[in-house]
Each structure stands twice: as C-alpha cells, then as structure tokens.
Amino acid sequence: MASSAHSPKLQEPGRIAVYASQGLGDGLLSLMVANQLVQLGHEVSVYSSVLTSFRPWAPHVLIKRFVDPSSLEEELAGYDFVIAADCTPVIAMTPSDRRAVLYERDFDKSQTMVSNLLAYVRRDWNPNATSEAGVRPPVSLTHRRHSKRVVIHPTSGAAIRDWPADKFMQLAKRLRSAGYEPVFMVSPAEAPTWMWVRDSGFSLIVPSTIDVMARYIFESGYLIGNDSGPGHLASLLDIPSLCLCARYSYLRLWRPGWRKGGVVTPFLPLPGARLKQTYWKRLLTVGRVYRSFLKLTASHSR
C-alpha cells in the first residue's frame, strides 16, 4: 500500500476511533484494523451502524452507530487519533494531524483490502500485526456443523452485480442433485420479491440482523453469492465461499481477503468494463459456476 501520509506514533496507549464506510465488508475490515490497535493497548471504537448487532462477536472494541455529519467533529474530538475510510464524512472535517484518511487511490490494486489495510497497520503502528479481527463466535455454535449446507446469497448492493435469479435456481437444483443442501438468504427488505423460492421447494432464510446472519453462515458448509458483504463475512468466519462477478480485475482489490475463496467470472473475456458489465450475466453459465464450486469443495477437502 502506497501513501505519502503516515500516522504518528502515540507515545502511550490512547483512545482511537476507526470510522468505517457504509457496507458490511467495510465494517469487518475496520474490525481487523481495530483489533490490531487493541493488541497494542489502545482503547478502540469502531463506527459502523451495520455492525451494531455484531457486538457480541467483537467484545474487544466498542461498536458505535454513525453520527450525523453536523456533530461528527464534536463526536471525534475526544479521541487521540482517528482512522477513516475515504468515502466517509470525516474527509470534510477540518484538517488535523490526529487523523489518517485511507484513500482507495493509494491502495495496491493487485492485493486485497485485507492485505492493504494490514500493510498500513504494519507500516504505521505494529510491524508484527496480523489479519486477525478478534472475532469470537458464541460458544453455543459449531463451526460448519451443517457441512453440506450451501448458503446462496443472490443479491448485492447494486442490481448490475447480481447474477440472474433463474440461474441461481438452476444452480440450487444441481447442488441438491449432488447431495448438497442449498438455501437462499436475503435481507428483510428483499424478502418479498424472493418468496417464490419457497414455492420452488427451497428454504429462504431472512436474517433480521448481522448477528443472526453470522450465526447461520458460521454453521454452514459453504457460501455462494454475488460481490457483497456476506461473502466477506463468510471469509472472516473461515467458511469456504465462491464469489460471482463480471471481471476479476475489480475483485483483486475487493474480494474477500481472510480465508481464500473462489472467484468465478465469464468464460469469454470481453474488452472494456462496459461490455463486461453488460454481458457478463449471459456469459457466466450455471455449468461454469457449478464446476467452480466443485473445485472449491475439492480444495477444501485436501
């Protein structure tokens, strides 16, 4: 990770705020940064509204909701240092040497976000830092207890990133025929348009919170989905996952970066991002995704 600005070393343990971007994956990445600072003795707060229900999994940090931009400067004044993503209101605050804004333009695009943020922490804070996020699952859960259960997450933050619903259904039928237990997972807001999945004979899981989602994924065998937050959550929880996307070049940076999972793109390379975004859903076949999943399962069994 290249950057011209360095974070100053605190002379003694202090209070640090890590201000995340909106998404689930962004929040989980912030937990990783926060955990490494906690290991140095700092008291760390992570601002991420999406993660508030995830607090029991990360007791080492204080997870807070985002605050209104009008009161942000006052909110963060009590911290000795602030680390923020570049697409947060922090960038509009009065410049200060007590803040570090991590700009995407400075990242090494050939490496994952996990690797980039780890490089930042090692450079500016602790050369011995790891990618450990400090997440501790509830003791009542058993990792991958349902080893044949495949969570299918067919949505994302943008429709252009979503593989067609009918192809996900065809994939689910193939998985079931092969002895797996495919289940669909969507958010409460998305559920009304996915009820037809139950009419087709498959389970539709609608977790009410990130905590509920994490519990279900943690005890599942695999996850298949579009480029979205649940893929990052599965990676963090050491669940093998397969990410479907239009172009691998984008996923070099944004793919889940904890547990190494699979990425599958169309078989036919298309010139230019616009063509890829337009035609990738047609060119990424059910057979190709299914074969990629079998490779994922084979690599996990070794």
# chains A, B, ... in the order shown; residues from 1 in each chain; ligands from 1

$ select_by_dssp --residues "stretch 82-198 of chain A" --states "strand (DSSP E or B)" --output "list of chain:residue names"
A:Val82, A:Ile83, A:Ala84, A:Ala85, A:Arg99, A:Ala100, A:Val101, A:Leu102, A:His146, A:Ser147, A:Lys148, A:Arg149, A:Val150, A:Val151, A:Ile152, A:His153, A:Glu181, A:Pro182, A:Val183, A:Phe184, A:Met185

$ residues_around --residues "stretch 145-162 of chain A" --least-positions-apart "2" --cutoff "8 Å" --atoms "only C-alpha atoms" --output "NGL selection string"
:A and (142-143 or 164-165 or 168 or 179-186 or 217 or 219-230 or 245-246 or 277 or 281)

$ write_last_selection --atoms "N, CA and C atoms" --output "PDB file, in the first residue's frame"
ATOM      1  N   THR A 142     -21.299 -24.395  16.461  1.00  0.00           N
ATOM      2  CA  THR A 142     -20.295 -25.342  15.988  1.00  0.00           C
ATOM      3  C   THR A 142     -19.919 -24.990  14.552  1.00  0.00           C
ATOM      4  N   HIS A 143     -18.649 -24.742  14.329  1.00  0.00           N
ATOM      5  CA  HIS A 143     -18.190 -24.310  13.008  1.00  0.00           C
ATOM      6  C   HIS A 143     -18.476 -25.366  11.942  1.00  0.00           C
ATOM      7  N   PRO A 164     -28.375 -13.572 -12.585  1.00  0.00           N
ATOM      8  CA  PRO A 164     -29.828 -13.743 -12.707  1.00  0.00           C
ATOM      9  C   PRO A 164     -30.415 -14.750 -11.713  1.00  0.00           C
ATOM     10  N   ALA A 165     -31.604 -14.431 -11.219  1.00  0.00           N
ATOM     11  CA  ALA A 165     -32.263 -15.283 -10.227  1.00  0.00           C
ATOM     12  C   ALA A 165     -32.546 -16.679 -10.757  1.00  0.00           C
ATOM     13  N   PHE A 168     -29.469 -18.771 -10.496  1.00  0.00           N
ATOM     14  CA  PHE A 168     -29.241 -19.224  -9.121  1.00  0.00           C
ATOM     15  C   PHE A 168     -30.139 -20.420  -8.799  1.00  0.00           C
ATOM     16  N   GLY A 179     -26.286 -33.843  -3.724  1.00  0.00           N
ATOM     17  CA  GLY A 179     -26.253 -34.191  -2.316  1.00  0.00           C
ATOM     18  C   GLY A 179     -26.024 -33.034  -1.360  1.00  0.00           C
ATOM     19  N   TYR A 180     -26.000 -31.813  -1.877  1.00  0.00           N
ATOM     20  CA  TYR A 180     -25.840 -30.647  -1.026  1.00  0.00           C
ATOM     21  C   TYR A 180     -27.208 -30.112  -0.586  1.00  0.00           C
ATOM     22  N   GLU A 181     -27.203 -29.204   0.352  1.00  0.00           N
ATOM     23  CA  GLU A 181     -28.433 -28.636   0.901  1.00  0.00           C
ATOM     24  C   GLU A 181     -28.453 -27.127   0.655  1.00  0.00           C
ATOM     25  N   PRO A 182     -28.802 -26.700  -0.556  1.00  0.00           N
ATOM     26  CA  PRO A 182     -28.801 -25.259  -0.856  1.00  0.00           C
ATOM     27  C   PRO A 182     -29.951 -24.527  -0.190  1.00  0.00           C
ATOM     28  N   VAL A 183     -29.654 -23.359   0.373  1.00  0.00           N
ATOM     29  CA  VAL A 183     -30.666 -22.484   0.956  1.00  0.00           C
ATOM     30  C   VAL A 183     -30.392 -21.071   0.473  1.00  0.00           C
ATOM     31  N   PHE A 184     -31.432 -20.320   0.237  1.00  0.00           N
ATOM     32  CA  PHE A 184     -31.289 -18.940  -0.212  1.00  0.00           C
ATOM     33  C   PHE A 184     -31.339 -18.012   1.002  1.00  0.00           C
ATOM     34  N   MET A 185     -30.551 -16.943   0.959  1.00  0.00           N
ATOM     35  CA  MET A 185     -30.530 -15.966   2.047  1.00  0.00           C
ATOM     36  C   MET A 185     -30.633 -14.559   1.478  1.00  0.00           C
ATOM     37  N   VAL A 186     -31.610 -13.791   1.955  1.00  0.00           N
ATOM     38  CA  VAL A 186     -31.776 -12.390   1.547  1.00  0.00           C
ATOM     39  C   VAL A 186     -32.119 -11.562   2.773  1.00  0.00           C
ATOM     40  N   ILE A 217     -24.396 -18.518   8.875  1.00  0.00           N
ATOM     41  CA  ILE A 217     -23.266 -18.771   7.971  1.00  0.00           C
ATOM     42  C   ILE A 217     -22.175 -19.564   8.683  1.00  0.00           C
ATOM     43  N   GLU A 219     -22.322 -21.856  10.844  1.00  0.00           N
ATOM     44  CA  GLU A 219     -22.619 -23.285  10.954  1.00  0.00           C
ATOM     45  C   GLU A 219     -22.909 -23.931   9.612  1.00  0.00           C
ATOM     46  N   SER A 220     -22.764 -23.175   8.520  1.00  0.00           N
ATOM     47  CA  SER A 220     -22.976 -23.717   7.178  1.00  0.00           C
ATOM     48  C   SER A 220     -21.658 -24.211   6.584  1.00  0.00           C
ATOM     49  N   GLY A 221     -21.784 -25.010   5.515  1.00  0.00           N
ATOM     50  CA  GLY A 221     -20.583 -25.555   4.894  1.00  0.00           C
ATOM     51  C   GLY A 221     -19.935 -24.623   3.892  1.00  0.00           C
ATOM     52  N   TYR A 222     -20.756 -23.904   3.115  1.00  0.00           N
ATOM     53  CA  TYR A 222     -20.240 -23.058   2.038  1.00  0.00           C
ATOM     54  C   TYR A 222     -21.171 -21.871   1.827  1.00  0.00           C
ATOM     55  N   LEU A 223     -20.667 -20.884   1.088  1.00  0.00           N
ATOM     56  CA  LEU A 223     -21.490 -19.758   0.653  1.00  0.00           C
ATOM     57  C   LEU A 223     -21.174 -19.443  -0.799  1.00  0.00           C
ATOM     58  N   ILE A 224     -22.219 -19.217  -1.591  1.00  0.00           N
ATOM     59  CA  ILE A 224     -22.088 -18.784  -2.987  1.00  0.00           C
ATOM     60  C   ILE A 224     -22.894 -17.507  -3.147  1.00  0.00           C
ATOM     61  N   GLY A 225     -22.305 -16.479  -3.760  1.00  0.00           N
ATOM     62  CA  GLY A 225     -23.062 -15.252  -3.933  1.00  0.00           C
ATOM     63  C   GLY A 225     -22.373 -14.243  -4.814  1.00  0.00           C
ATOM     64  N   ASN A 226     -23.076 -13.146  -5.035  1.00  0.00           N
ATOM     65  CA  ASN A 226     -22.511 -12.030  -5.788  1.00  0.00           C
ATOM     66  C   ASN A 226     -21.466 -11.312  -4.924  1.00  0.00           C
ATOM     67  N   ASP A 227     -20.819 -10.332  -5.512  1.00  0.00           N
ATOM     68  CA  ASP A 227     -19.882  -9.496  -4.781  1.00  0.00           C
ATOM     69  C   ASP A 227     -20.671  -8.691  -3.747  1.00  0.00           C
ATOM     70  N   SER A 228     -20.612  -9.105  -2.470  1.00  0.00           N
ATOM     71  CA  SER A 228     -21.411  -8.448  -1.441  1.00  0.00           C
ATOM     72  C   SER A 228     -20.868  -8.782  -0.062  1.00  0.00           C
ATOM     73  N   GLY A 229     -21.439  -8.123   0.959  1.00  0.00           N
ATOM     74  CA  GLY A 229     -20.970  -8.262   2.322  1.00  0.00           C
ATOM     75  C   GLY A 229     -20.936  -9.668   2.889  1.00  0.00           C
ATOM     76  N   PRO A 230     -21.973 -10.487   2.679  1.00  0.00           N
ATOM     77  CA  PRO A 230     -21.952 -11.838   3.242  1.00  0.00           C
ATOM     78  C   PRO A 230     -20.745 -12.666   2.809  1.00  0.00           C
ATOM     79  N   CYS A 245     -18.772 -12.637 -10.302  1.00  0.00           N
ATOM     80  CA  CYS A 245     -18.613 -11.235 -10.683  1.00  0.00           C
ATOM     81  C   CYS A 245     -18.325 -11.099 -12.172  1.00  0.00           C
ATOM     82  N   ALA A 246     -18.402  -9.862 -12.658  1.00  0.00           N
ATOM     83  CA  ALA A 246     -18.220  -9.582 -14.076  1.00  0.00           C
ATOM     84  C   ALA A 246     -16.765  -9.632 -14.501  1.00  0.00           C
ATOM     85  N   GLN A 277     -19.792  -5.470 -17.986  1.00  0.00           N
ATOM     86  CA  GLN A 277     -20.942  -5.227 -17.138  1.00  0.00           C
ATOM     87  C   GLN A 277     -22.256  -5.513 -17.865  1.00  0.00           C
ATOM     88  N   LYS A 281     -23.643 -11.441 -17.259  1.00  0.00           N
ATOM     89  CA  LYS A 281     -24.681 -12.316 -16.725  1.00  0.00           C
ATOM     90  C   LYS A 281     -25.080 -13.397 -17.724  1.00  0.00           C
TER      91      LYS A 281
END

$ select_by_dssp --residues "stretch 111-141 of chain A" --states "helix (DSSP H, G or I)" --output "number ranges by chain"
A: 113-124

$ write_last_selection --atoms "N, CA and C atoms" --output "short mmCIF file (atom, residue, chain, number, x, y, z; two decimals), in the first residue's frame"
data_model
loop_
_atom_site.label_atom_id
_atom_site.label_comp_id
_atom_site.auth_asym_id
_atom_site.auth_seq_id
_atom_site.Cartn_x
_atom_site.Cartn_y
_atom_site.Cartn_z
N MET A 113 -8.16 -5.90 0.02
CA MET A 113 -8.27 -4.85 1.03
C MET A 113 -7.70 -5.32 2.36
N VAL A 114 -7.87 -6.59 2.68
CA VAL A 114 -7.27 -7.12 3.91
C VAL A 114 -5.77 -6.91 3.88
N SER A 115 -5.13 -7.26 2.76
CA SER A 115 -3.68 -7.11 2.65
C SER A 115 -3.27 -5.65 2.69
N ASN A 116 -4.04 -4.78 2.05
CA ASN A 116 -3.71 -3.35 2.04
C ASN A 116 -3.81 -2.73 3.43
N LEU A 117 -4.87 -3.05 4.15
CA LEU A 117 -5.02 -2.48 5.48
C LEU A 117 -4.01 -3.08 6.45
N LEU A 118 -3.67 -4.33 6.26
CA LEU A 118 -2.64 -4.94 7.09
C LEU A 118 -1.30 -4.26 6.84
N ALA A 119 -1.02 -3.93 5.59
CA ALA A 119 0.22 -3.22 5.27
C ALA A 119 0.26 -1.86 5.93
N TYR A 120 -0.89 -1.17 5.99
CA TYR A 120 -0.95 0.13 6.65
C TYR A 120 -0.65 -0.01 8.14
N VAL A 121 -1.29 -0.97 8.79
CA VAL A 121 -1.09 -1.15 10.22
C VAL A 121 0.36 -1.52 10.52
N ARG A 122 0.94 -2.39 9.70
CA ARG A 122 2.33 -2.79 9.92
C ARG A 122 3.29 -1.62 9.72
N ARG A 123 2.99 -0.77 8.76
CA ARG A 123 3.87 0.36 8.46
C ARG A 123 3.81 1.43 9.55
N ASP A 124 2.59 1.75 9.99
CA ASP A 124 2.42 2.91 10.86
C ASP A 124 2.24 2.56 12.34
#

$ residues_around --residues "A:Leu76" --least-positions-apart "4" --cutoff "10 Å" --atoms "only C-alpha atoms" --output "list of chain:residue names"
A:Ile16, A:Ala17, A:Tyr19, A:Val67, A:Ser71, A:Leu72, A:Asp80, A:Phe81, A:Val82, A:Val90, A:Arg99

$ closest_residue --among "A:Lys167, A:Leu204, A:Glu132, A:Pro95" --to "A:Glu190" --atoms "only C-alpha atoms"
A:Leu204

$ closest_residue --among "A:Ser177, A:Thr209, A:Thr285, A:Gln111" --to "A:Pro256" --atoms "only C-alpha atoms"
A:Gln111

$ atom_distance --atom1 "atom CA of A:Leu233" --atom2 "atom CA of A:Asp106"
24.5 Å

$ residues_around --residues "A:Pro240" --least-positions-apart "5" --cutoff "8 Å" --atoms "only C-alpha atoms" --output "compact mmCIF listing (two decimals) with N, CA and C atoms, in the first residue's frame"
# COMPACT_ATOMS: atom_id res chain seq x y z
N GLY A 221 -21.78 -25.01 5.51
CA GLY A 221 -20.58 -25.55 4.89
C GLY A 221 -19.93 -24.62 3.89
N TYR A 222 -20.76 -23.90 3.12
CA TYR A 222 -20.24 -23.06 2.04
C TYR A 222 -21.17 -21.87 1.83
N LEU A 223 -20.67 -20.88 1.09
CA LEU A 223 -21.49 -19.76 0.65
C LEU A 223 -21.17 -19.44 -0.80
N ALA A 234 -18.38 -14.53 5.43
CA ALA A 234 -18.01 -15.94 5.34
C ALA A 234 -16.50 -16.11 5.38
N SER A 235 -15.79 -15.27 4.67
CA SER A 235 -14.33 -15.34 4.65
C SER A 235 -13.75 -15.12 6.04
N ARG A 259 -10.13 -15.85 4.59
CA ARG A 259 -9.99 -17.18 4.05
C ARG A 259 -10.01 -17.09 2.53
N LYS A 260 -9.07 -17.75 1.87
CA LYS A 260 -9.02 -17.71 0.41
C LYS A 260 -10.19 -18.50 -0.16
N GLY A 261 -11.03 -17.82 -0.94
CA GLY A 261 -12.17 -18.46 -1.57
C GLY A 261 -12.03 -18.40 -3.08
N LEU A 296 -13.84 -25.69 -5.50
CA LEU A 296 -13.74 -25.12 -4.16
C LEU A 296 -13.87 -26.22 -3.10
N THR A 297 -14.83 -27.10 -3.29
CA THR A 297 -15.03 -28.18 -2.30
C THR A 297 -13.83 -29.14 -2.31
N HIS A 300 -10.95 -27.60 -0.44
CA HIS A 300 -11.19 -27.55 1.00
C HIS A 300 -10.96 -28.92 1.64

$ residues_around --residues "A:Lys295" --least-positions-apart "4" --cutoff "12 Å" --atoms "only C-alpha atoms" --output "ChimeraX atom specification"
/A:240-242,261-264,288-291,299-302

$ residues_around --residues "A:Val50" --least-positions-apart "5" --cutoff "8 Å" --atoms "only C-alpha atoms" --output "CSV table (one decimal) with C-alpha atoms, in the first residue's frame"
chain,number,residue,atom,x,y,z
A,22,GLN,CA,-21.3,2.0,5.0
A,23,GLY,CA,-21.1,-1.6,3.9
A,24,LEU,CA,-20.8,-4.8,5.9
A,27,GLY,CA,-17.2,-2.7,8.7
A,65,ARG,CA,-23.5,3.9,15.1
A,210,ILE,CA,-26.0,-9.3,11.1

$ closest_residue --among "A:Asn128, A:Ser48, A:Ser203, A:Gln39" --to "A:Gly25" --atoms "only C-alpha atoms"
A:Ser48

$ residues_around --residues "A:Gly41" --least-positions-apart "4" --cutoff "8 Å" --atoms "only C-alpha atoms" --output "ChimeraX atom specification"
/A:13-14,37

$ write_last_selection --atoms "C-alpha atoms" --output "PDB file, in the first residue's frame"
ATOM      1  CA  PRO A  13      -1.960   3.771  24.748  1.00  0.00           C
ATOM      2  CA  GLY A  14      -4.776   6.120  23.835  1.00  0.00           C
ATOM      3  CA  LEU A  37      -4.650  -1.498  17.691  1.00  0.00           C
TER       4      LEU A  37
END

$ decode --residues "stretch 58-75 of chain A" --atoms "N, CA and C atoms" --output "compact mmCIF listing (two decimals), in the first residue's frame"
# COMPACT_ATOMS: atom_id res chain seq x y z
N ALA A 58 -17.50 -9.32 18.82
CA ALA A 58 -16.28 -8.49 18.87
C ALA A 58 -16.23 -7.68 20.15
N PRO A 59 -16.12 -8.35 21.29
CA PRO A 59 -16.16 -7.64 22.58
C PRO A 59 -14.92 -6.79 22.86
N HIS A 60 -13.90 -6.94 22.02
CA HIS A 60 -12.64 -6.22 22.26
C HIS A 60 -12.71 -4.76 21.85
N VAL A 61 -13.75 -4.39 21.09
CA VAL A 61 -13.90 -3.00 20.66
C VAL A 61 -15.29 -2.51 20.99
N LEU A 62 -15.46 -1.20 20.97
CA LEU A 62 -16.78 -0.60 21.16
C LEU A 62 -17.32 -0.25 19.78
N ILE A 63 -18.41 -0.88 19.40
CA ILE A 63 -19.01 -0.64 18.08
C ILE A 63 -20.12 0.39 18.24
N LYS A 64 -20.03 1.49 17.49
CA LYS A 64 -20.99 2.58 17.60
C LYS A 64 -21.67 2.84 16.25
N ARG A 65 -22.83 3.43 16.32
CA ARG A 65 -23.53 3.85 15.10
C ARG A 65 -22.86 5.10 14.53
N PHE A 66 -23.05 5.29 13.22
CA PHE A 66 -22.59 6.53 12.61
C PHE A 66 -23.31 7.71 13.25
N VAL A 67 -22.65 8.84 13.27
CA VAL A 67 -23.27 10.04 13.82
C VAL A 67 -23.57 11.01 12.69
N ASP A 68 -24.47 11.93 12.94
CA ASP A 68 -24.82 12.94 11.95
C ASP A 68 -23.58 13.77 11.60
N PRO A 69 -23.33 14.01 10.32
CA PRO A 69 -22.14 14.78 9.92
C PRO A 69 -22.02 16.13 10.63
N SER A 70 -23.14 16.72 10.99
CA SER A 70 -23.10 18.04 11.63
C SER A 70 -22.47 17.97 13.03
N SER A 71 -22.51 16.82 13.66
CA SER A 71 -21.93 16.69 15.00
C SER A 71 -20.71 15.78 15.02
N LEU A 72 -20.21 15.44 13.83
CA LEU A 72 -19.10 14.48 13.75
C LEU A 72 -17.82 15.02 14.38
N GLU A 73 -17.50 16.28 14.10
CA GLU A 73 -16.26 16.84 14.62
C GLU A 73 -16.26 16.84 16.16
N GLU A 74 -17.39 17.18 16.73
CA GLU A 74 -17.52 17.17 18.19
C GLU A 74 -17.42 15.74 18.72
N GLU A 75 -18.04 14.80 18.03
CA GLU A 75 -18.01 13.40 18.44
C GLU A 75 -16.59 12.84 18.48
